[in-house]
Amino acid sequence: MFENFETKELSIQHRSYLSLLATGRISGCVLLSGNNITYSSCYYDSKFCGNQCIFKENYGGLTITKEIEYQFYSTLSLTDDELFNEMKKAVCVISNTLNNNEINDCNFTTQYSQDLLISSSIRKTPELFFSKDNISKYGQMTMDELVLESIYKIRNKKIEKEIAENIVLSGGNTMFEGFSERLESKLKKSCNFNVKVITSPERQQLAWIGGSIFASLPENQKSFLSKELYEEFGGAIINRQPYNIESLNIDGINREMKGFEDIDLNFINKTD
């Protein structure tokens, strides 16, 4: 970033925390689900609740696209990935109750003006995110289980209660119609606390919105690494915050929050 884009200052923050900030909250559980990864993590008073509260599965929106593609290929021999991705966004829904019989067949017109009849079973493909049996070939836990495990690992009833009332959805894979209602319904059946799921209409870009908010807050300026410090101490300083001379002990730098090693980070940079 410093060498190629001439960035003057840089801060590295986790997408989940930035998503939380974008909703105006500093405490909560973030369920972030993108194209091929889903994870949950908890924050309290802007502080990460610990590695024990991170739960991750390697499934997401691409999982649904491939499932739809498989069902169509077995009948029509269609293999256009972009077509199935658009179909997923247009017709797939999740019932907001445990009884999903009310989801009916529908029509879908492709970009080639081809009319396809989409069966109710294909429309209900995202239901697998909440089905223990169907999710087993992609991961161990359903989405509601990810959230519950994250909250219960806090081991503090007062904090657990507050976080359960601030469950934030982030990522394009949470945009399915009925997603938030189903998640809240399942959590209420399993959780001992009052549950509230926060759904922003902009949740597909929530981390980027949070990054803009983070960069504008004066109290976060110590979280930005200057080009000068980077050039003086080298890449090892990236894992150390706050970024100031007084706090640095380069010989003792250790990577924090190791549970996020394989999870996407957002780079917030300032060029002027």
# chains A, B, ... in the order shown; residues from 1 in each chain; ligands from 1

$ residues_around --residues "Tyr43 in chain A" --least-positions-apart "2" --cutoff "6 Å" --atoms "only C-alpha atoms" --output "PDB file with N, CA and C atoms, in the first residue's frame"
ATOM      1  N   SER A  27     -21.061  -2.503  20.568  1.00  0.00           N
ATOM      2  CA  SER A  27     -21.195  -3.838  21.159  1.00  0.00           C
ATOM      3  C   SER A  27     -22.157  -4.653  20.312  1.00  0.00           C
ATOM      4  N   GLY A  28     -21.824  -5.918  20.105  1.00  0.00           N
ATOM      5  CA  GLY A  28     -22.726  -6.766  19.346  1.00  0.00           C
ATOM      6  C   GLY A  28     -22.021  -7.985  18.788  1.00  0.00           C
ATOM      7  N   SER A  46     -16.495  -1.712  21.966  1.00  0.00           N
ATOM      8  CA  SER A  46     -15.469  -1.573  20.928  1.00  0.00           C
ATOM      9  C   SER A  46     -14.280  -2.514  21.096  1.00  0.00           C
ATOM     10  N   LYS A  47     -14.349  -3.432  22.055  1.00  0.00           N
ATOM     11  CA  LYS A  47     -13.242  -4.349  22.274  1.00  0.00           C
ATOM     12  C   LYS A  47     -13.627  -5.756  21.811  1.00  0.00           C
ATOM     13  N   PHE A  48     -12.690  -6.395  21.148  1.00  0.00           N
ATOM     14  CA  PHE A  48     -12.871  -7.764  20.685  1.00  0.00           C
ATOM     15  C   PHE A  48     -13.008  -8.696  21.883  1.00  0.00           C
ATOM     16  N   CYS A  49     -13.988  -9.589  21.862  1.00  0.00           N
ATOM     17  CA  CYS A  49     -14.267 -10.438  23.023  1.00  0.00           C
ATOM     18  C   CYS A  49     -13.359 -11.657  23.126  1.00  0.00           C
TER      19      CYS A  49
END

$ residues_around --residues "Asp144 in chain A" --least-positions-apart "5" --cutoff "8 Å" --atoms "only C-alpha atoms" --output "list of chain:residue names"
A:Phe130, A:Leu183, A:Lys186, A:Leu187

$ write_last_selection --atoms "N, CA and C atoms" --output "PDB file, in the first residue's frame"
ATOM      1  N   PHE A 130     -29.605 -23.158   7.346  1.00  0.00           N
ATOM      2  CA  PHE A 130     -30.236 -23.333   8.652  1.00  0.00           C
ATOM      3  C   PHE A 130     -30.630 -24.788   8.911  1.00  0.00           C
ATOM      4  N   LEU A 183     -33.282 -16.341  10.868  1.00  0.00           N
ATOM      5  CA  LEU A 183     -32.217 -16.357  11.866  1.00  0.00           C
ATOM      6  C   LEU A 183     -32.760 -15.976  13.237  1.00  0.00           C
ATOM      7  N   LYS A 186     -34.961 -18.793  14.707  1.00  0.00           N
ATOM      8  CA  LYS A 186     -34.206 -19.932  15.228  1.00  0.00           C
ATOM      9  C   LYS A 186     -33.454 -19.581  16.506  1.00  0.00           C
ATOM     10  N   LEU A 187     -32.899 -18.364  16.564  1.00  0.00           N
ATOM     11  CA  LEU A 187     -32.173 -17.956  17.760  1.00  0.00           C
ATOM     12  C   LEU A 187     -33.098 -17.850  18.969  1.00  0.00           C
TER      13      LEU A 187
END

$ closest_residue --among "A:Lys196, A:Leu169, A:Phe224, A:Phe84" --to "Ala22 in chain A" --atoms "only C-alpha atoms"
A:Leu169

$ select_by_dssp --residues "range 9-241 of chain A" --states "strand (DSSP E)" --output "PyMOL selection string"
chain A and resi 9-14+28-33+38-44+47-48+55-57+106-109+115-118+167-170+197-198+225-226

$ write_last_selection --atoms "N, CA and C atoms" --output "short mmCIF file (atom, residue, chain, number, x, y, z; two decimals), in the first residue's frame"
data_model
loop_
_atom_site.label_atom_id
_atom_site.label_comp_id
_atom_site.auth_asym_id
_atom_site.auth_seq_id
_atom_site.Cartn_x
_atom_site.Cartn_y
_atom_site.Cartn_z
N GLU A 9 -0.98 7.13 5.34
CA GLU A 9 -1.33 6.48 6.61
C GLU A 9 -2.22 5.28 6.31
N LEU A 10 -2.10 4.25 7.16
CA LEU A 10 -2.83 3.01 6.93
C LEU A 10 -3.28 2.40 8.25
N SER A 11 -4.50 1.90 8.27
CA SER A 11 -5.00 1.16 9.44
C SER A 11 -5.64 -0.13 8.95
N ILE A 12 -5.37 -1.22 9.63
CA ILE A 12 -5.93 -2.52 9.27
C ILE A 12 -6.94 -2.93 10.33
N GLN A 13 -8.19 -3.09 9.90
CA GLN A 13 -9.27 -3.44 10.83
C GLN A 13 -10.07 -4.62 10.26
N HIS A 14 -10.67 -5.38 11.15
CA HIS A 14 -11.47 -6.52 10.71
C HIS A 14 -12.83 -6.07 10.19
N GLY A 28 -21.82 -5.92 20.10
CA GLY A 28 -22.73 -6.77 19.35
C GLY A 28 -22.02 -7.99 18.79
N CYS A 29 -22.81 -8.86 18.18
CA CYS A 29 -22.29 -10.03 17.49
C CYS A 29 -22.51 -9.82 16.00
N VAL A 30 -21.46 -9.96 15.22
CA VAL A 30 -21.54 -9.75 13.77
C VAL A 30 -21.51 -11.10 13.07
N LEU A 31 -22.53 -11.36 12.27
CA LEU A 31 -22.55 -12.53 11.40
C LEU A 31 -22.25 -12.02 9.99
N LEU A 32 -21.07 -12.32 9.50
CA LEU A 32 -20.64 -11.84 8.19
C LEU A 32 -20.55 -13.03 7.24
N SER A 33 -21.30 -12.95 6.15
CA SER A 33 -21.32 -14.04 5.17
C SER A 33 -21.16 -13.47 3.78
N THR A 38 -18.16 -17.69 5.92
CA THR A 38 -19.12 -17.15 6.88
C THR A 38 -18.50 -17.24 8.27
N TYR A 39 -18.56 -16.17 9.03
CA TYR A 39 -18.03 -16.24 10.40
C TYR A 39 -18.78 -15.30 11.32
N SER A 40 -18.72 -15.61 12.58
CA SER A 40 -19.35 -14.78 13.61
C SER A 40 -18.29 -14.39 14.63
N SER A 41 -18.43 -13.20 15.19
CA SER A 41 -17.50 -12.72 16.21
C SER A 41 -18.20 -11.67 17.05
N CYS A 42 -17.71 -11.46 18.27
CA CYS A 42 -18.37 -10.56 19.22
C CYS A 42 -17.45 -9.43 19.68
N TYR A 43 -18.09 -8.28 19.92
CA TYR A 43 -17.38 -7.10 20.43
C TYR A 43 -18.20 -6.50 21.56
N TYR A 44 -17.49 -5.99 22.56
CA TYR A 44 -18.16 -5.30 23.66
C TYR A 44 -17.42 -4.01 23.96
N LYS A 47 -14.35 -3.43 22.05
CA LYS A 47 -13.24 -4.35 22.27
C LYS A 47 -13.63 -5.76 21.81
N PHE A 48 -12.69 -6.39 21.15
CA PHE A 48 -12.87 -7.76 20.68
C PHE A 48 -13.01 -8.70 21.88
N PHE A 55 -16.18 -18.03 15.27
CA PHE A 55 -16.54 -19.31 14.66
C PHE A 55 -16.69 -19.09 13.16
N LYS A 56 -16.06 -19.95 12.38
CA LYS A 56 -15.98 -19.76 10.94
C LYS A 56 -16.34 -21.04 10.20
N GLU A 57 -17.04 -20.88 9.08
CA GLU A 57 -17.32 -21.98 8.17
C GLU A 57 -17.01 -21.56 6.75
N CYS A 106 -41.77 -20.33 -9.66
CA CYS A 106 -41.85 -19.02 -10.30
C CYS A 106 -41.11 -19.05 -11.64
N ASN A 107 -41.27 -18.00 -12.42
CA ASN A 107 -40.60 -17.88 -13.71
C ASN A 107 -39.39 -16.96 -13.61
N PHE A 108 -38.37 -17.26 -14.39
CA PHE A 108 -37.17 -16.44 -14.45
C PHE A 108 -36.76 -16.29 -15.90
N THR A 109 -36.56 -15.04 -16.33
CA THR A 109 -36.13 -14.77 -17.71
C THR A 109 -34.64 -14.48 -17.72
N ASP A 115 -37.08 -18.12 -21.04
CA ASP A 115 -37.93 -18.24 -19.86
C ASP A 115 -37.76 -19.61 -19.22
N LEU A 116 -37.45 -19.59 -17.93
CA LEU A 116 -37.25 -20.84 -17.19
C LEU A 116 -38.25 -20.91 -16.04
N LEU A 117 -38.75 -22.09 -15.80
CA LEU A 117 -39.61 -22.31 -14.64
C LEU A 117 -38.73 -22.77 -13.48
N ILE A 118 -38.70 -22.00 -12.43
CA ILE A 118 -37.87 -22.31 -11.26
C ILE A 118 -38.73 -23.00 -10.21
N ILE A 167 -27.39 -8.23 17.19
CA ILE A 167 -26.81 -9.16 16.22
C ILE A 167 -26.86 -8.50 14.84
N VAL A 168 -25.70 -8.20 14.31
CA VAL A 168 -25.60 -7.43 13.06
C VAL A 168 -25.28 -8.36 11.89
N LEU A 169 -26.04 -8.22 10.82
CA LEU A 169 -25.79 -8.98 9.60
C LEU A 169 -24.93 -8.15 8.65
N SER A 170 -23.98 -8.82 7.99
CA SER A 170 -23.11 -8.13 7.05
C SER A 170 -22.75 -9.08 5.92
N VAL A 197 -32.10 -9.02 15.67
CA VAL A 197 -31.20 -9.06 14.51
C VAL A 197 -31.28 -7.73 13.78
N ILE A 198 -30.14 -7.10 13.57
CA ILE A 198 -30.05 -5.79 12.92
C ILE A 198 -29.77 -5.98 11.43
N LEU A 225 -1.09 3.78 10.89
CA LEU A 225 0.35 3.66 10.76
C LEU A 225 0.84 4.62 9.69
N SER A 226 1.81 5.44 10.02
CA SER A 226 2.35 6.40 9.05
C SER A 226 3.40 5.71 8.18
#

$ select_by_dssp --residues "range 74-183 of chain A" --states "helix (DSSP H, G or I)" --output "number ranges by chain"
A: 74-76, 81-91, 120-123, 125-130, 132-135, 143-152, 157-164, 172-174, 179-183

$ write_last_selection --atoms "N, CA and C atoms" --output "short mmCIF file (atom, residue, chain, number, x, y, z; two decimals), in the first residue's frame"
data_model
loop_
_atom_site.label_atom_id
_atom_site.label_comp_id
_atom_site.auth_asym_id
_atom_site.auth_seq_id
_atom_site.Cartn_x
_atom_site.Cartn_y
_atom_site.Cartn_z
N SER A 74 -28.38 -31.19 -14.10
CA SER A 74 -28.91 -32.56 -14.15
C SER A 74 -30.17 -32.66 -14.99
N THR A 75 -30.79 -31.50 -15.30
CA THR A 75 -32.04 -31.54 -16.08
C THR A 75 -31.92 -30.82 -17.42
N LEU A 76 -31.18 -29.68 -17.48
CA LEU A 76 -31.14 -28.87 -18.69
C LEU A 76 -29.73 -28.70 -19.26
N ASP A 81 -22.17 -19.88 -15.08
CA ASP A 81 -22.05 -19.48 -13.68
C ASP A 81 -22.72 -18.14 -13.41
N GLU A 82 -22.53 -17.17 -14.29
CA GLU A 82 -23.11 -15.85 -14.10
C GLU A 82 -24.63 -15.92 -14.14
N LEU A 83 -25.16 -16.76 -15.00
CA LEU A 83 -26.61 -16.94 -15.08
C LEU A 83 -27.16 -17.45 -13.75
N PHE A 84 -26.50 -18.44 -13.17
CA PHE A 84 -26.98 -19.00 -11.92
C PHE A 84 -26.82 -18.03 -10.75
N ASN A 85 -25.79 -17.22 -10.82
CA ASN A 85 -25.61 -16.21 -9.79
C ASN A 85 -26.74 -15.19 -9.82
N GLU A 86 -27.11 -14.74 -11.03
CA GLU A 86 -28.21 -13.80 -11.17
C GLU A 86 -29.54 -14.44 -10.78
N MET A 87 -29.69 -15.69 -11.14
CA MET A 87 -30.91 -16.42 -10.77
C MET A 87 -31.05 -16.52 -9.25
N LYS A 88 -29.94 -16.80 -8.60
CA LYS A 88 -29.92 -16.89 -7.14
C LYS A 88 -30.42 -15.60 -6.50
N LYS A 89 -29.90 -14.48 -6.98
CA LYS A 89 -30.28 -13.18 -6.42
C LYS A 89 -31.74 -12.85 -6.68
N ALA A 90 -32.26 -13.30 -7.82
CA ALA A 90 -33.61 -12.91 -8.23
C ALA A 90 -34.72 -13.76 -7.62
N VAL A 91 -34.48 -15.05 -7.43
CA VAL A 91 -35.60 -15.93 -7.07
C VAL A 91 -35.46 -16.64 -5.73
N SER A 120 -39.93 -24.72 -6.66
CA SER A 120 -39.87 -24.24 -5.27
C SER A 120 -38.64 -24.81 -4.55
N SER A 121 -38.22 -26.01 -4.94
CA SER A 121 -37.04 -26.61 -4.28
C SER A 121 -35.78 -25.83 -4.59
N ILE A 122 -35.67 -25.31 -5.82
CA ILE A 122 -34.51 -24.49 -6.17
C ILE A 122 -34.58 -23.15 -5.46
N ARG A 123 -35.77 -22.56 -5.41
CA ARG A 123 -35.94 -21.27 -4.73
C ARG A 123 -35.56 -21.38 -3.25
N THR A 125 -33.20 -23.18 -1.94
CA THR A 125 -31.82 -23.66 -1.74
C THR A 125 -31.11 -23.01 -0.55
N PRO A 126 -31.26 -21.70 -0.30
CA PRO A 126 -30.57 -21.09 0.86
C PRO A 126 -31.02 -21.62 2.21
N GLU A 127 -32.11 -22.40 2.23
CA GLU A 127 -32.56 -22.99 3.49
C GLU A 127 -31.48 -23.88 4.11
N LEU A 128 -30.55 -24.35 3.27
CA LEU A 128 -29.52 -25.26 3.78
C LEU A 128 -28.65 -24.60 4.85
N PHE A 129 -28.58 -23.24 4.84
CA PHE A 129 -27.79 -22.54 5.85
C PHE A 129 -28.34 -22.75 7.26
N PHE A 130 -29.60 -23.16 7.35
CA PHE A 130 -30.24 -23.33 8.65
C PHE A 130 -30.63 -24.79 8.91
N LYS A 132 -29.25 -28.51 9.71
CA LYS A 132 -28.09 -29.27 10.19
C LYS A 132 -27.74 -30.40 9.23
N ASP A 133 -28.75 -31.06 8.68
CA ASP A 133 -28.49 -32.19 7.77
C ASP A 133 -27.91 -31.72 6.45
N ASN A 134 -28.45 -30.65 5.88
CA ASN A 134 -28.02 -30.20 4.56
C ASN A 134 -26.70 -29.45 4.56
N ILE A 135 -26.36 -28.84 5.69
CA ILE A 135 -25.12 -28.06 5.75
C ILE A 135 -23.90 -28.96 6.00
N MET A 143 -25.85 -21.36 10.45
CA MET A 143 -25.58 -19.96 10.75
C MET A 143 -26.06 -19.56 12.14
N ASP A 144 -27.23 -20.05 12.55
CA ASP A 144 -27.72 -19.72 13.88
C ASP A 144 -26.83 -20.32 14.96
N GLU A 145 -26.25 -21.49 14.68
CA GLU A 145 -25.33 -22.10 15.65
C GLU A 145 -24.03 -21.30 15.76
N LEU A 146 -23.57 -20.74 14.66
CA LEU A 146 -22.37 -19.89 14.71
C LEU A 146 -22.59 -18.72 15.67
N VAL A 147 -23.74 -18.07 15.54
CA VAL A 147 -24.04 -16.91 16.38
C VAL A 147 -24.16 -17.31 17.84
N LEU A 148 -24.89 -18.39 18.10
CA LEU A 148 -25.09 -18.84 19.48
C LEU A 148 -23.76 -19.20 20.15
N GLU A 149 -22.91 -19.92 19.43
CA GLU A 149 -21.63 -20.32 20.01
C GLU A 149 -20.78 -19.10 20.33
N SER A 150 -20.79 -18.11 19.44
CA SER A 150 -20.01 -16.90 19.68
C SER A 150 -20.47 -16.20 20.95
N ILE A 151 -21.78 -16.07 21.11
CA ILE A 151 -22.33 -15.36 22.27
C ILE A 151 -22.07 -16.12 23.56
N TYR A 152 -22.30 -17.43 23.56
CA TYR A 152 -22.16 -18.20 24.79
C TYR A 152 -20.71 -18.38 25.23
N LYS A 157 -22.92 -13.34 31.67
CA LYS A 157 -24.34 -13.26 31.36
C LYS A 157 -24.79 -11.85 31.00
N LYS A 158 -24.27 -10.86 31.70
CA LYS A 158 -24.67 -9.48 31.43
C LYS A 158 -24.25 -9.05 30.03
N ILE A 159 -23.01 -9.37 29.66
CA ILE A 159 -22.52 -9.00 28.34
C ILE A 159 -23.22 -9.83 27.27
N GLU A 160 -23.44 -11.10 27.54
CA GLU A 160 -24.14 -11.96 26.58
C GLU A 160 -25.52 -11.40 26.26
N LYS A 161 -26.21 -10.94 27.29
CA LYS A 161 -27.55 -10.40 27.11
C LYS A 161 -27.53 -9.18 26.19
N GLU A 162 -26.58 -8.27 26.42
CA GLU A 162 -26.50 -7.06 25.60
C GLU A 162 -26.13 -7.40 24.15
N ILE A 163 -25.22 -8.32 23.98
CA ILE A 163 -24.78 -8.67 22.63
C ILE A 163 -25.89 -9.39 21.87
N ALA A 164 -26.68 -10.22 22.57
CA ALA A 164 -27.78 -10.94 21.91
C ALA A 164 -28.83 -9.98 21.36
N GLY A 172 -23.07 -9.82 1.37
CA GLY A 172 -24.10 -10.04 0.37
C GLY A 172 -24.91 -11.31 0.55
N ASN A 173 -24.32 -12.31 1.20
CA ASN A 173 -25.04 -13.58 1.37
C ASN A 173 -26.13 -13.51 2.43
N THR A 174 -26.23 -12.40 3.14
CA THR A 174 -27.31 -12.24 4.11
C THR A 174 -28.49 -11.47 3.51
N PHE A 179 -34.09 -13.96 5.27
CA PHE A 179 -32.89 -14.43 5.99
C PHE A 179 -32.91 -14.00 7.45
N SER A 180 -33.08 -12.69 7.68
CA SER A 180 -33.01 -12.18 9.05
C SER A 180 -34.15 -12.73 9.91
N GLU A 181 -35.34 -12.87 9.31
CA GLU A 181 -36.48 -13.40 10.08
C GLU A 181 -36.24 -14.84 10.50
N ARG A 182 -35.68 -15.64 9.58
CA ARG A 182 -35.42 -17.04 9.93
C ARG A 182 -34.34 -17.14 11.01
N LEU A 183 -33.28 -16.34 10.87
CA LEU A 183 -32.22 -16.36 11.87
C LEU A 183 -32.76 -15.98 13.24
#

$ closest_residue --among "A:Ser119, A:Gln221, A:Phe176, A:Ser212" --to "Gln71 in chain A" --atoms "only C-alpha atoms"
A:Ser119

$ residues_around --residues "Gly61 in chain A" --least-positions-apart "3" --cutoff "7 Å" --atoms "only C-alpha atoms" --output "list in words"
Gly34, Asn35, Asn36, Ile64, Thr65 and Asn173 of chain A

$ write_last_selection --atoms "N, CA, C and O atoms" --output "short mmCIF file (atom, residue, chain, number, x, y, z; two decimals), in the first residue's frame"
data_model
loop_
_atom_site.label_atom_id
_atom_site.label_comp_id
_atom_site.auth_asym_id
_atom_site.auth_seq_id
_atom_site.Cartn_x
_atom_site.Cartn_y
_atom_site.Cartn_z
N GLY A 34 -20.07 -13.86 3.13
CA GLY A 34 -19.78 -13.38 1.78
C GLY A 34 -19.90 -14.49 0.76
O GLY A 34 -20.75 -15.38 0.86
N ASN A 35 -19.00 -14.48 -0.20
CA ASN A 35 -19.10 -15.41 -1.32
C ASN A 35 -18.74 -16.84 -0.92
O ASN A 35 -19.41 -17.79 -1.33
N ASN A 36 -17.68 -17.00 -0.12
CA ASN A 36 -17.27 -18.36 0.21
C ASN A 36 -16.81 -18.54 1.65
O ASN A 36 -16.16 -19.53 1.97
N ILE A 64 -24.52 -21.59 -2.67
CA ILE A 64 -25.87 -21.60 -3.24
C ILE A 64 -25.82 -21.62 -4.75
O ILE A 64 -26.57 -22.36 -5.41
N THR A 65 -24.93 -20.81 -5.35
CA THR A 65 -24.80 -20.78 -6.80
C THR A 65 -24.47 -22.17 -7.35
O THR A 65 -25.06 -22.63 -8.34
N ASN A 173 -24.32 -12.31 1.20
CA ASN A 173 -25.04 -13.58 1.37
C ASN A 173 -26.13 -13.51 2.43
O ASN A 173 -26.87 -14.47 2.62
#

$ residues_around --residues "Ser200 in chain A" --least-positions-apart "3" --cutoff "8 Å" --atoms "only C-alpha atoms" --output "JSON, numbers by chain"
{"A": [23, 169, 203, 206]}

$ atom_distance --atom1 "CA of Ala207 in chain A" --atom2 "CA of Leu18 in chain A"
4.9 Å

$ closest_residue --among "A:Ala215, A:Val93, A:Met1, A:Leu229" --to "Glu177 in chain A" --atoms "only C-alpha atoms"
A:Val93
